[in-house]
file final-v3.tsv (TSV, C-alpha atoms and all ligand atoms)
chain	number	residue	atom	x	y	z
G	16	MET	CA	115.89	116.73	118.88
G	17	THR	CA	113.32	114.40	120.46
G	18	LYS	CA	110.36	113.78	118.16
G	19	THR	CA	106.82	113.05	119.23
G	20	LEU	CA	104.93	110.11	117.74
G	21	LEU	CA	101.25	109.76	118.56
G	22	LEU	CA	100.03	106.16	118.32
G	23	LEU	CA	96.35	105.59	117.61
G	24	PRO	CA	95.87	101.80	117.80
G	25	GLY	CA	92.14	101.94	117.01
G	26	ASP	CA	90.13	98.74	116.63
G	27	GLY	CA	90.47	95.06	115.77
G	28	ILE	CA	93.96	94.19	114.57
G	29	GLY	CA	94.89	97.88	114.90
G	30	SER	CA	96.06	97.39	118.48
G	31	GLU	CA	97.86	94.14	117.58
G	32	VAL	CA	99.93	95.69	114.79
G	33	THR	CA	100.70	98.94	116.65
G	34	ALA	CA	102.09	96.88	119.57
G	35	GLU	CA	104.70	95.63	117.10
G	36	VAL	CA	105.43	99.21	116.00
G	37	ARG	CA	106.24	99.96	119.65
G	38	ARG	CA	108.57	96.98	119.69
G	39	ILE	CA	110.47	98.39	116.69
G	40	VAL	CA	110.68	101.90	118.17
G	41	ASP	CA	112.15	100.38	121.34
G	42	ALA	CA	114.55	98.09	119.47
G	43	LEU	CA	115.86	101.01	117.41
G	44	GLY	CA	116.31	103.16	120.50
G	45	LEU	CA	114.75	106.01	118.54
G	46	ASP	CA	114.84	109.43	120.17
G	47	VAL	CA	111.05	109.54	120.20
G	48	THR	CA	108.42	110.32	122.80
G	49	LEU	CA	105.53	107.92	122.27
G	50	GLN	CA	102.03	109.07	123.08
G	51	GLU	CA	98.88	107.02	122.71
G	52	ALA	CA	95.18	107.84	122.48
G	53	ARG	CA	91.90	106.06	121.87
G	54	PHE	CA	90.55	106.22	118.34
G	55	GLY	CA	87.64	104.88	116.31
G	56	GLY	CA	85.29	102.37	117.94
G	57	ALA	CA	87.45	102.27	121.08
G	58	ALA	CA	86.89	106.02	121.48
G	59	ILE	CA	83.17	105.72	120.75
G	60	ASP	CA	82.85	103.19	123.58
G	61	ALA	CA	84.83	105.26	126.08
G	62	ASP	CA	84.24	108.86	125.01
G	63	GLY	CA	81.07	108.74	122.92
G	64	VAL	CA	82.81	110.06	119.78
G	65	PRO	CA	85.28	108.39	117.35
G	66	VAL	CA	87.90	111.05	118.04
G	67	THR	CA	87.92	113.67	120.79
G	68	ASP	CA	88.99	117.30	120.36
G	69	GLU	CA	91.89	116.54	122.73
G	70	THR	CA	93.14	113.75	120.46
G	71	VAL	CA	92.91	115.99	117.39
G	72	ALA	CA	94.92	118.63	119.30
G	73	LEU	CA	97.53	116.00	120.25
G	74	ALA	CA	97.80	114.96	116.61
G	75	LEU	CA	98.28	118.53	115.41
G	76	ALA	CA	101.00	119.08	118.01
G	77	ALA	CA	102.88	115.82	117.29
G	78	ASP	CA	105.64	115.34	114.71
G	79	ALA	CA	103.86	112.28	113.34
G	80	VAL	CA	100.75	110.23	113.97
G	81	LEU	CA	100.62	106.47	113.40
G	82	MET	CA	97.19	104.88	113.20
G	83	GLY	CA	96.44	101.14	113.34
G	84	ALA	CA	92.95	100.66	111.92
G	85	VAL	CA	89.39	101.60	112.76
G	86	GLY	CA	85.94	100.08	112.39
G	87	GLY	CA	84.18	96.80	112.92
G	88	PRO	CA	80.78	95.15	112.99
G	89	LYS	CA	80.06	96.47	116.50
G	90	TRP	CA	79.73	100.03	115.19
G	91	ALA	CA	78.58	99.34	111.63
G	92	GLY	CA	74.94	100.16	112.35
G	93	GLN	CA	75.60	103.69	113.59
G	94	SER	CA	74.89	106.88	111.68
G	95	PHE	CA	77.74	108.09	109.50
G	96	ASP	CA	78.98	110.96	111.62
G	97	THR	CA	79.36	108.79	114.70
G	98	ARG	CA	81.11	105.82	113.08
G	99	PRO	CA	84.76	104.91	113.69
G	100	GLU	CA	85.54	105.75	110.05
G	101	ALA	CA	84.22	109.30	110.58
G	102	GLY	CA	86.95	109.81	113.19
G	103	LEU	CA	89.59	108.94	110.63
G	104	LEU	CA	88.10	111.28	108.05
G	105	ARG	CA	87.91	114.06	110.64
G	106	LEU	CA	91.56	113.55	111.55
G	107	ARG	CA	92.72	113.54	107.92
G	108	GLU	CA	90.77	116.74	107.29
G	109	ALA	CA	91.97	118.46	110.48
G	110	MET	CA	95.59	117.59	109.67
G	111	ASN	CA	94.99	118.62	106.03
G	112	VAL	CA	97.03	115.65	104.83
G	113	TYR	CA	95.98	115.91	101.22
G	114	ALA	CA	98.60	113.67	99.61
G	115	ASN	CA	98.46	109.98	100.49
G	116	LEU	CA	101.55	108.05	99.41
G	117	ARG	CA	100.83	104.34	99.05
G	118	PRO	CA	103.89	102.48	97.78
G	119	ALA	CA	103.35	98.95	96.44
G	120	ARG	CA	106.64	97.07	96.22
G	121	CYS	CA	107.00	93.36	95.63
G	122	PHE	CA	109.68	91.80	97.84
G	123	ALA	CA	111.75	89.27	95.89
G	124	ALA	CA	111.03	86.56	98.46
G	125	LEU	CA	107.29	87.07	98.02
G	126	ALA	CA	106.96	87.05	94.24
G	127	ASP	CA	105.13	83.74	94.55
G	128	ALA	CA	102.74	85.05	97.24
G	129	SER	CA	100.94	87.20	94.69
G	130	SER	CA	97.84	85.89	92.98
G	131	LEU	CA	99.51	86.88	89.71
G	132	LYS	CA	102.31	85.03	87.96
G	133	ARG	CA	105.78	85.67	89.34
G	134	GLU	CA	107.09	87.32	86.15
G	135	LEU	CA	104.30	89.91	86.24
G	136	VAL	CA	105.10	91.14	89.75
G	137	GLU	CA	108.81	90.44	90.31
G	138	GLY	CA	110.53	93.81	90.90
G	139	LEU	CA	107.21	95.68	90.98
G	140	ASP	CA	107.54	99.19	92.45
G	141	ILE	CA	104.52	101.47	92.12
G	142	MET	CA	103.92	104.68	94.06
G	143	PHE	CA	100.27	105.65	94.38
G	144	VAL	CA	99.58	109.27	95.20
G	145	ARG	CA	95.98	109.40	96.36
G	146	GLU	CA	94.19	112.69	97.04
G	147	LEU	CA	92.96	112.28	100.62
G	148	VAL	CA	90.87	115.21	101.86
G	149	GLY	CA	88.53	115.90	98.96
G	150	GLY	CA	86.29	114.24	96.40
G	151	VAL	CA	83.24	112.16	97.17
G	152	TYR	CA	84.47	111.35	100.70
G	153	PHE	CA	83.96	114.95	101.79
G	154	GLY	CA	81.66	116.56	99.18
G	155	LYS	CA	78.47	118.25	100.29
G	156	PRO	CA	75.53	117.90	100.05
G	157	ARG	CA	75.42	114.38	101.41
G	158	GLY	CA	72.93	112.31	103.33
G	159	ILE	CA	69.91	110.07	103.07
G	160	GLU	CA	66.66	111.87	102.34
G	161	MET	CA	63.02	110.89	102.12
G	162	LEU	CA	61.35	111.55	98.78
G	163	ALA	CA	57.73	112.58	98.31
G	164	ASN	CA	56.94	109.20	96.77
G	165	GLY	CA	58.08	107.41	99.93
G	166	GLU	CA	61.40	106.26	98.48
G	167	ARG	CA	64.67	107.09	100.23
G	168	ARG	CA	67.58	108.60	98.34
G	169	GLY	CA	71.26	108.35	99.25
G	170	LEU	CA	73.22	111.39	98.15
G	171	ASN	CA	76.94	112.07	97.86
G	172	SER	CA	78.74	114.82	95.98
G	173	HIS	CA	82.02	114.57	94.16
G	174	HIS	CA	83.94	117.74	93.50
G	175	TYR	CA	87.48	119.02	93.16
G	176	THR	CA	88.84	122.55	92.83
G	177	THR	CA	91.87	123.47	90.74
G	178	GLY	CA	93.80	124.16	93.95
G	179	GLN	CA	93.04	120.73	95.39
G	180	ILE	CA	94.12	119.05	92.16
G	181	ARG	CA	97.29	121.07	91.65
G	182	ARG	CA	98.70	120.63	95.16
G	183	VAL	CA	98.44	116.82	95.10
G	184	ALA	CA	99.70	116.69	91.50
G	185	ARG	CA	102.74	118.70	92.58
G	186	THR	CA	103.47	116.10	95.28
G	187	ALA	CA	103.26	113.33	92.66
G	188	PHE	CA	105.56	115.17	90.22
G	189	GLU	CA	108.11	115.89	92.94
G	190	LEU	CA	108.12	112.22	94.01
G	191	ALA	CA	108.38	111.01	90.43
G	192	LYS	CA	111.50	113.15	89.91
G	193	GLY	CA	113.26	110.88	92.42
G	194	ARG	CA	111.92	107.77	90.67
G	195	THR	CA	111.66	107.10	86.93
G	196	GLY	CA	109.99	110.42	86.14
G	197	ARG	CA	106.83	108.77	84.82
G	198	VAL	CA	103.40	109.74	86.17
G	199	CYS	CA	100.10	108.23	85.11
G	200	SER	CA	97.11	110.35	86.15
G	201	VAL	CA	93.92	108.34	86.61
G	202	GLU	CA	90.31	109.62	86.51
G	203	LYS	CA	87.04	109.24	84.62
G	204	SER	CA	87.24	112.33	82.42
G	205	ASN	CA	84.91	110.61	79.96
G	206	VAL	CA	81.92	110.75	82.30
G	207	MET	CA	82.72	113.21	85.14
G	208	GLU	CA	83.34	116.95	85.00
G	209	ALA	CA	85.54	116.69	88.08
G	210	GLY	CA	87.53	114.05	86.20
G	211	LEU	CA	87.91	116.27	83.16
G	212	LEU	CA	89.08	119.17	85.32
G	213	TRP	CA	91.51	116.78	87.00
G	214	ARG	CA	93.01	115.78	83.65
G	215	GLU	CA	93.27	119.37	82.40
G	216	GLU	CA	94.83	120.76	85.58
G	217	VAL	CA	97.34	117.93	85.97
G	218	GLN	CA	98.44	118.41	82.35
G	219	ARG	CA	98.63	122.19	82.80
G	220	LEU	CA	100.83	121.91	85.89
G	221	ARG	CA	103.10	119.44	84.09
G	222	ASP	CA	103.46	121.81	81.11
G	223	GLU	CA	104.10	124.86	83.33
G	224	ASP	CA	106.44	123.48	85.99
G	225	TYR	CA	107.50	119.89	85.21
G	226	PRO	CA	108.54	119.57	81.54
G	227	GLU	CA	110.91	116.74	82.51
G	228	ILE	CA	108.03	114.54	83.74
G	229	GLU	CA	106.56	112.02	81.32
G	230	LEU	CA	102.84	112.36	82.02
G	231	THR	CA	100.18	110.02	80.71
G	232	HIS	CA	96.45	109.86	81.46
G	233	MET	CA	94.31	106.77	81.91
G	234	LEU	CA	90.65	106.13	82.65
G	235	ALA	CA	90.18	104.47	86.04
G	236	ASP	CA	88.39	101.37	84.77
G	237	ASN	CA	91.19	100.68	82.31
G	238	CYS	CA	93.76	101.29	85.07
G	239	ALA	CA	92.09	98.66	87.26
G	240	MET	CA	92.46	96.20	84.39
G	241	GLN	CA	96.01	97.24	83.44
G	242	LEU	CA	97.13	96.75	87.07
G	243	VAL	CA	96.49	93.03	86.78
G	244	ARG	CA	97.41	92.74	83.09
G	245	GLN	CA	100.84	94.40	83.11
G	246	PRO	CA	101.42	96.12	86.47
G	247	LYS	CA	105.07	96.94	85.84
G	248	GLN	CA	104.09	99.49	83.16
G	249	PHE	CA	103.35	101.91	86.05
G	250	ASP	CA	105.71	103.99	88.13
G	251	THR	CA	103.75	106.78	89.89
G	252	ILE	CA	99.95	106.72	89.77
G	253	LEU	CA	98.19	109.96	90.68
G	254	THR	CA	94.49	109.68	91.40
G	255	ASP	CA	91.55	110.90	93.47
G	256	ASN	CA	90.34	109.81	96.89
G	257	LEU	CA	87.93	107.04	95.89
G	258	PHE	CA	89.82	105.57	92.94
G	259	GLY	CA	93.01	105.68	95.01
G	260	ASP	CA	91.35	103.72	97.80
G	261	MET	CA	90.24	100.95	95.48
G	262	LEU	CA	93.29	100.75	93.22
G	263	SER	CA	95.71	100.59	96.17
G	264	ASP	CA	93.84	97.63	97.69
G	265	GLU	CA	94.03	95.98	94.27
G	266	ALA	CA	97.77	96.66	94.14
G	267	ALA	CA	98.22	95.04	97.55
G	268	MET	CA	97.51	91.67	96.01
G	269	LEU	CA	100.30	92.27	93.49
G	270	THR	CA	102.71	92.35	96.43
G	271	GLY	CA	101.20	89.34	98.17
G	272	SER	CA	99.02	90.75	100.96
G	273	LEU	CA	97.13	93.75	102.23
G	274	GLY	CA	99.18	93.23	105.40
G	275	LEU	CA	102.29	94.51	103.61
G	276	LEU	CA	101.23	97.94	102.37
G	277	PRO	CA	102.04	101.09	104.36
G	278	SER	CA	101.01	104.66	103.67
G	279	ALA	CA	102.02	108.22	104.48
G	280	ALA	CA	99.55	111.08	104.38
G	281	LEU	CA	101.32	114.40	104.00
G	282	GLY	CA	100.19	118.02	103.92
G	283	GLU	CA	102.05	121.31	103.90
G	284	ALA	CA	105.77	121.17	104.62
G	285	GLY	CA	106.57	121.22	108.31
G	286	ARG	CA	103.17	119.93	109.37
G	287	PRO	CA	102.77	116.46	110.99
G	288	GLY	CA	102.15	113.47	108.76
G	289	LEU	CA	99.61	110.71	109.32
G	290	TYR	CA	100.88	107.18	108.77
G	291	GLU	CA	98.65	104.13	108.41
G	292	PRO	CA	98.77	100.62	107.03
G	293	ILE	CA	96.27	100.63	104.17
G	294	HIS	CA	94.38	97.66	105.59
G	295	GLY	CA	91.42	97.81	107.96
G	296	SER	CA	90.63	96.30	111.35
G	297	ALA	CA	90.20	92.81	109.82
G	298	PRO	CA	87.35	91.62	112.09
G	299	ASP	CA	87.69	88.11	110.62
G	300	ILE	CA	91.13	87.59	112.21
G	301	ALA	CA	91.13	90.14	115.07
G	302	GLY	CA	92.22	88.96	118.50
G	303	GLN	CA	93.88	85.79	117.17
G	304	GLY	CA	97.46	86.96	116.71
G	305	LEU	CA	97.27	86.28	112.97
G	306	ALA	CA	97.65	89.81	111.60
G	307	ASN	CA	100.72	90.73	109.62
G	308	PRO	CA	102.35	93.74	111.35
G	309	SER	CA	104.60	94.52	108.34
G	310	ALA	CA	102.32	97.21	106.88
G	311	ALA	CA	102.25	99.04	110.22
G	312	ILE	CA	106.01	98.70	110.69
G	313	LEU	CA	106.64	99.91	107.14
G	314	SER	CA	104.36	102.86	107.96
G	315	LEU	CA	106.70	103.63	110.86
G	316	ALA	CA	109.55	103.62	108.32
G	317	MET	CA	107.64	106.18	106.25
G	318	ALA	CA	107.13	108.34	109.37
G	319	VAL	CA	110.84	108.15	110.13
G	320	ARG	CA	111.60	109.18	106.53
G	321	HIS	CA	109.04	111.91	105.94
G	322	SER	CA	108.41	113.37	109.42
G	323	PHE	CA	111.69	112.70	111.25
G	324	GLY	CA	113.94	113.18	108.22
G	325	GLU	CA	115.98	110.05	108.95
G	326	GLU	CA	116.31	108.32	105.61
G	327	ARG	CA	118.92	105.79	106.74
G	328	THR	CA	116.86	104.60	109.70
G	329	ALA	CA	113.83	104.31	107.43
G	330	GLU	CA	115.80	102.12	105.03
G	331	ARG	CA	117.04	100.06	107.95
G	332	ILE	CA	113.46	99.29	109.03
G	333	GLU	CA	112.47	98.43	105.45
G	334	ARG	CA	115.44	96.12	105.03
G	335	ALA	CA	114.65	94.41	108.34
G	336	VAL	CA	111.11	93.61	107.18
G	337	GLU	CA	112.46	92.14	103.97
G	338	THR	CA	115.20	90.20	105.80
G	339	ALA	CA	112.70	88.69	108.26
G	340	ILE	CA	110.51	87.53	105.38
G	341	GLU	CA	113.50	86.19	103.46
G	342	GLY	CA	114.55	84.35	106.62
G	343	GLY	CA	111.29	82.47	106.50
G	344	THR	CA	109.26	84.19	109.21
G	345	ARG	CA	105.83	84.74	107.69
G	346	THR	CA	102.34	85.31	108.98
G	347	ARG	CA	99.50	83.28	107.49
G	348	ASP	CA	98.50	85.86	104.85
G	349	ILE	CA	101.89	85.39	103.17
G	350	GLY	CA	101.98	81.64	103.47
G	351	GLY	CA	103.52	81.04	106.89
G	352	GLY	CA	102.53	80.14	110.43
G	353	ALA	CA	104.12	82.94	112.46
G	354	SER	CA	102.06	84.98	114.88
G	355	THR	CA	101.88	88.78	114.84
G	356	ALA	CA	104.35	88.94	117.74
G	357	GLU	CA	106.75	86.42	116.17
G	358	MET	CA	106.77	88.45	112.97
G	359	GLY	CA	107.47	91.62	114.98
G	360	GLN	CA	110.25	89.86	116.92
G	361	ALA	CA	111.88	88.62	113.71
G	362	ILE	CA	111.81	92.14	112.25
G	363	ALA	CA	113.25	93.62	115.45
G	364	ALA	CA	115.99	90.99	115.41
G	365	ALA	CA	116.86	91.82	111.80
G	366	LEU	CA	117.30	95.56	112.43
G	401	LIG	P1	90.18	94.85	105.96
G	401	LIG	O1	91.30	95.53	105.31
G	401	LIG	O2	90.01	95.02	107.41
G	401	LIG	O3	90.28	93.26	105.66
G	401	LIG	C1	90.22	92.72	104.34
G	401	LIG	C2	90.84	91.30	104.34
G	401	LIG	O4	92.28	91.43	104.46
G	401	LIG	C3	90.40	90.44	105.50
G	401	LIG	O5	90.27	89.12	105.09
G	401	LIG	C4	91.54	90.57	106.51
G	401	LIG	O6	91.69	89.46	107.36
G	401	LIG	C5	92.75	90.74	105.60
G	401	LIG	N1	93.78	91.55	106.25
G	401	LIG	C6	93.74	92.90	106.43
G	401	LIG	N2	94.82	93.32	107.08
G	401	LIG	C7	95.58	92.24	107.32
G	401	LIG	C8	96.82	92.03	107.97
G	401	LIG	N3	97.52	93.05	108.51
G	401	LIG	N4	97.29	90.77	108.05
G	401	LIG	C9	96.62	89.74	107.52
G	401	LIG	N5	95.43	89.87	106.89
G	401	LIG	C10	94.92	91.11	106.79
G	401	LIG	O7	88.87	95.30	105.17
G	401	LIG	P2	87.30	95.05	105.53
G	401	LIG	O8	87.12	93.71	106.12
G	401	LIG	O9	86.58	95.42	104.32
G	401	LIG	O10	86.98	96.16	106.62
G	401	LIG	C11	86.89	95.90	108.02
G	401	LIG	C12	86.71	97.21	108.78
G	401	LIG	O11	87.91	97.98	108.66
G	401	LIG	C13	85.59	98.10	108.25
G	401	LIG	O12	84.96	98.68	109.37
G	401	LIG	C14	86.32	99.17	107.44
G	401	LIG	O13	85.63	100.39	107.40
G	401	LIG	C15	87.58	99.30	108.21
G	401	LIG	N6	88.72	99.80	107.43
G	401	LIG	C16	89.53	100.67	108.08
G	401	LIG	C17	90.67	101.12	107.47
G	401	LIG	C18	91.55	102.07	108.21
G	401	LIG	O14	91.40	102.19	109.41
G	401	LIG	N7	92.48	102.76	107.57
G	401	LIG	C19	91.00	100.68	106.19
G	401	LIG	C20	90.14	99.78	105.55
G	401	LIG	C21	89.01	99.33	106.19
G	402	LIG	C1	91.65	103.34	103.87
G	402	LIG	C2	90.26	103.01	104.39
G	402	LIG	C3	89.52	104.32	104.67
G	402	LIG	C4	89.30	105.01	103.34
G	402	LIG	C5	88.18	104.20	105.42
G	402	LIG	C6	88.27	103.37	106.65
G	402	LIG	C7	87.66	105.57	105.76
G	402	LIG	O1	89.59	102.19	103.50
G	402	LIG	O2	92.39	104.05	104.56
G	402	LIG	O3	92.02	102.84	102.81
G	402	LIG	O4	88.37	104.66	102.59
G	402	LIG	O5	90.08	105.94	103.06
G	403	MN	MN	90.83	101.43	101.87
call {"tool": "encode", "arguments": {"input": "final-v3.tsv", "output": "structure tokens"}}
result
Amino acid sequence: MTKTLLLLPGDGIGSEVTAEVRRIVDALGLDVTLQEARFGGAAIDADGVPVTDETVALALAADAVLMGAVGGPKWAGQSFDTRPEAGLLRLREAMNVYANLRPARCFAALADASSLKRELVEGLDIMFVRELVGGVYFGKPRGIEMLANGERRGLNSHHYTTGQIRRVARTAFELAKGRTGRVCSVEKSNVMEAGLLWREEVQRLRDEDYPEIELTHMLADNCAMQLVRQPKQFDTILTDNLFGDMLSDEAAMLTGSLGLLPSAALGEAGRPGLYEPIHGSAPDIAGQGLANPSAAILSLAMAVRHSFGEERTAERIERAVETAIEGGTRTRDIGGGASTAEMGQAIAAAL
């Protein structure tokens, strides 16, 4: 049956990398109806808000949504609720995509592109499961308030309920069953009550429903260090919204570039997923044809796998990215001179 894929190019390199996603959809001849809508700063400029109600409705009605990137210096001075990033948070919340899968795999041909030694990253395959609709990103109260003494105070709240923790932990345990069965849960249970609850609930769910899973716990600061000391000790890393954001960017450098890492944000079964490269709008290279479209194209592969249920086509896209890189076509971030379009063409040719 024909699937619907809503493309949200967004800002900066977002439109450059999603153009290459289109190229791959066309080359595959996928039975997909492509829709497109403005998002982020582009929507602020045209519609006055970072995402319109109509776009949210389109997303909820689609089979999958693929976002490029949002944000940029043009909108950085605006209040929080009217920034491009607020549109992304609204969409994640509306779609209730609470589990964000961020795989970090090191392609053999790129083991020397990492800032770490080849032997540390060769064969690396980590799956981050980041909670995506809770924690300090969404906690209330929040804001900037004026104090009686004339100082201003910035306020954010970090909280998690047992239900929020258990549902994302379940996703991590289910994924780990198809991998090595090892899950490392990461928090700061030594200084945060929400972190302690996280640790207790994750352990409880493991003991109740997943006795076959080998679960360990690690404090987030140590995890940041261990990721560059001995990254291959990890298989599946389960963590909260903020730690997951930071640790997955760190992991990108283990694979060679932020331009290589895709993500899938999933909610309840049968609901549409939200797919995004983990990188941003890269204002420093936007408009120059320098962006690596691999992360966006690998995000399409994740959409094909998780929302369209076509595992073989997903693997075909993933292999094509690897083949193009092995064949020597590389954008600047991974040590080559290819443009965004040339990289997309090489991937399409390798399908
Ligand atoms: P960024 O991810 O945009 O860029 C960080 C660095 O990585 C830059 O040097 C950039 O050139 C490079 N880079 C990123 N993607 C690349 C690619 N595909 N190919 C080659 N190089 C790439 O992070 P930033 O500069 O901190 O943020 C810029 C804007 O993007 C901010 O407004 C931020 O809020 C937003 N942002 C959005 C998302 C998203 O939409 N999901 C994610 C992260 C940041
Ligand atoms: C990401 C981004 C977003 C996040 C921002 C743009 C809201 O950094 O997707 O990693 O922090 O989740
Ligand atoms: Mn991020």
call {"tool": "residues_near_point", "arguments": {"input": "final-v3.tsv", "point": "(111.1, 114.2, 101.0)", "cutoff": "9 Å", "atoms": "all atoms listed in the file", "output": "PyMOL selection string"}}
result
chain G and resi 189-190+320-322+324
call {"tool": "closest_residue", "arguments": {"input": "final-v3.tsv", "among": "G:Lys247, G:Lys155, G:Arg105, G:Arg221", "to": "Arg120 in chain G", "atoms": "all atoms listed in the file"}}
result
G:Lys247
call {"tool": "residues_near_ligand", "arguments": {"input": "final-v3.tsv", "ligand": "ligand LIG 401 (chain G)", "cutoff": "6 Å", "atoms": "all atoms listed in the file", "output": "list in words"}}
result
Ala84, Val85, Gly86, Gly87, Glu100, Leu273, Gly274, Ile293, His294, Gly295, Ser296, Ala297, Pro298, Asp299, Ile300, Ala306, Asn307, Pro308 and Asp348 of chain G
call {"tool": "residues_near_point", "arguments": {"input": "final-v3.tsv", "point": "(101.7, 119.8, 88.6)", "cutoff": "9 Å", "atoms": "only C-alpha atoms", "output": "mmCIF file with C-alpha atoms, in the frame of the given file"}}
result
data_model
loop_
_atom_site.group_PDB
_atom_site.id
_atom_site.type_symbol
_atom_site.label_atom_id
_atom_site.label_comp_id
_atom_site.auth_asym_id
_atom_site.auth_seq_id
_atom_site.Cartn_x
_atom_site.Cartn_y
_atom_site.Cartn_z
ATOM 1 C CA ILE G 180 94.120 119.050 92.160
ATOM 2 C CA ARG G 181 97.290 121.070 91.650
ATOM 3 C CA ARG G 182 98.700 120.630 95.160
ATOM 4 C CA VAL G 183 98.440 116.820 95.100
ATOM 5 C CA ALA G 184 99.700 116.690 91.500
ATOM 6 C CA ARG G 185 102.740 118.700 92.580
ATOM 7 C CA THR G 186 103.470 116.100 95.280
ATOM 8 C CA ALA G 187 103.260 113.330 92.660
ATOM 9 C CA PHE G 188 105.560 115.170 90.220
ATOM 10 C CA GLU G 189 108.110 115.890 92.940
ATOM 11 C CA GLU G 216 94.830 120.760 85.580
ATOM 12 C CA VAL G 217 97.340 117.930 85.970
ATOM 13 C CA GLN G 218 98.440 118.410 82.350
ATOM 14 C CA ARG G 219 98.630 122.190 82.800
ATOM 15 C CA LEU G 220 100.830 121.910 85.890
ATOM 16 C CA ARG G 221 103.100 119.440 84.090
ATOM 17 C CA ASP G 222 103.460 121.810 81.110
ATOM 18 C CA GLU G 223 104.100 124.860 83.330
ATOM 19 C CA ASP G 224 106.440 123.480 85.990
ATOM 20 C CA TYR G 225 107.500 119.890 85.210
#
call {"tool": "closest_residue", "arguments": {"input": "final-v3.tsv", "among": "G:Leu125, G:Ala101, G:Gly27, G:Val36", "to": "Met268 in chain G", "atoms": "all atoms listed in the file"}}
result
G:Leu125
call {"tool": "residues_near_ligand", "arguments": {"input": "final-v3.tsv", "ligand": "ligand MN 403 (chain G)", "cutoff": "12 Å", "atoms": "all atoms listed in the file", "output": "VMD selection string"}}
result
chain G and resid 84 to 86 100 103 to 104 115 117 145 147 152 256 to 267 273 276 to 278 291 to 297
call {"tool": "residues_around", "arguments": {"input": "final-v3.tsv", "residues": "Ala335 in chain G", "least_positions_apart": "3", "cutoff": "12 Å", "atoms": "only C-alpha atoms", "output": "short mmCIF file (atom, residue, chain, number, x, y, z; two decimals) with C-alpha atoms, in the coordinates of the input"}}
result
data_model
loop_
_atom_site.label_atom_id
_atom_site.label_comp_id
_atom_site.auth_asym_id
_atom_site.auth_seq_id
_atom_site.Cartn_x
_atom_site.Cartn_y
_atom_site.Cartn_z
CA ILE G 39 110.47 98.39 116.69
CA ALA G 42 114.55 98.09 119.47
CA LEU G 43 115.86 101.01 117.41
CA PHE G 122 109.68 91.80 97.84
CA SER G 309 104.60 94.52 108.34
CA ILE G 312 106.01 98.70 110.69
CA LEU G 313 106.64 99.91 107.14
CA ALA G 316 109.55 103.62 108.32
CA THR G 328 116.86 104.60 109.70
CA ALA G 329 113.83 104.31 107.43
CA GLU G 330 115.80 102.12 105.03
CA ARG G 331 117.04 100.06 107.95
CA ILE G 332 113.46 99.29 109.03
CA THR G 338 115.20 90.20 105.80
CA ALA G 339 112.70 88.69 108.26
CA ILE G 340 110.51 87.53 105.38
CA GLU G 341 113.50 86.19 103.46
CA GLY G 342 114.55 84.35 106.62
CA THR G 344 109.26 84.19 109.21
CA MET G 358 106.77 88.45 112.97
CA GLY G 359 107.47 91.62 114.98
CA GLN G 360 110.25 89.86 116.92
CA ALA G 361 111.88 88.62 113.71
CA ILE G 362 111.81 92.14 112.25
CA ALA G 363 113.25 93.62 115.45
CA ALA G 364 115.99 90.99 115.41
CA ALA G 365 116.86 91.82 111.80
CA LEU G 366 117.30 95.56 112.43
#
call {"tool": "axis_aligned_box", "arguments": {"input": "final-v3.tsv", "around": "range 208-225 of chain G", "padding_each_side": "3 Å", "output": "JSON"}}
result
{"center_x": 95.4, "center_y": 119.5, "center_z": 84.6, "size_x": 30.2, "size_y": 16.8, "size_z": 13.0}
call {"tool": "atom_distance", "arguments": {"input": "final-v3.tsv", "atom1": "CA of Asp255 in chain G", "atom2": "CA of Val64 in chain G"}}
result
27.7 Å
call {"tool": "atom_distance", "arguments": {"input": "final-v3.tsv", "atom1": "CA of Val80 in chain G", "atom2": "CA of Leu289 in chain G"}}
result
4.8 Å
call {"tool": "closest_residue", "arguments": {"input": "final-v3.tsv", "among": "G:Ala72, G:Leu211, G:Ala284, G:Met82", "to": "ligand LIG 402 (chain G)", "atoms": "only C-alpha atoms and all ligand atoms"}}
result
G:Met82
call {"tool": "residues_around", "arguments": {"input": "final-v3.tsv", "residues": "His232 in chain G", "least_positions_apart": "4", "cutoff": "12 Å", "atoms": "all atoms listed in the file", "output": "ChimeraX atom specification"}}
result
/G:197-205,210-211,213-218,221,237-238,249,251-254
call {"tool": "write_last_selection", "arguments": {"input": "final-v3.tsv", "atoms": "C-alpha atoms", "output": "tab-separated table (two decimals), in the coordinates of the input"}}
result
chain	number	residue	atom	x	y	z
G	197	ARG	CA	106.83	108.77	84.82
G	198	VAL	CA	103.40	109.74	86.17
G	199	CYS	CA	100.10	108.23	85.11
G	200	SER	CA	97.11	110.35	86.15
G	201	VAL	CA	93.92	108.34	86.61
G	202	GLU	CA	90.31	109.62	86.51
G	203	LYS	CA	87.04	109.24	84.62
G	204	SER	CA	87.24	112.33	82.42
G	205	ASN	CA	84.91	110.61	79.96
G	210	GLY	CA	87.53	114.05	86.20
G	211	LEU	CA	87.91	116.27	83.16
G	213	TRP	CA	91.51	116.78	87.00
G	214	ARG	CA	93.01	115.78	83.65
G	215	GLU	CA	93.27	119.37	82.40
G	216	GLU	CA	94.83	120.76	85.58
G	217	VAL	CA	97.34	117.93	85.97
G	218	GLN	CA	98.44	118.41	82.35
G	221	ARG	CA	103.10	119.44	84.09
G	237	ASN	CA	91.19	100.68	82.31
G	238	CYS	CA	93.76	101.29	85.07
G	249	PHE	CA	103.35	101.91	86.05
G	251	THR	CA	103.75	106.78	89.89
G	252	ILE	CA	99.95	106.72	89.77
G	253	LEU	CA	98.19	109.96	90.68
G	254	THR	CA	94.49	109.68	91.40
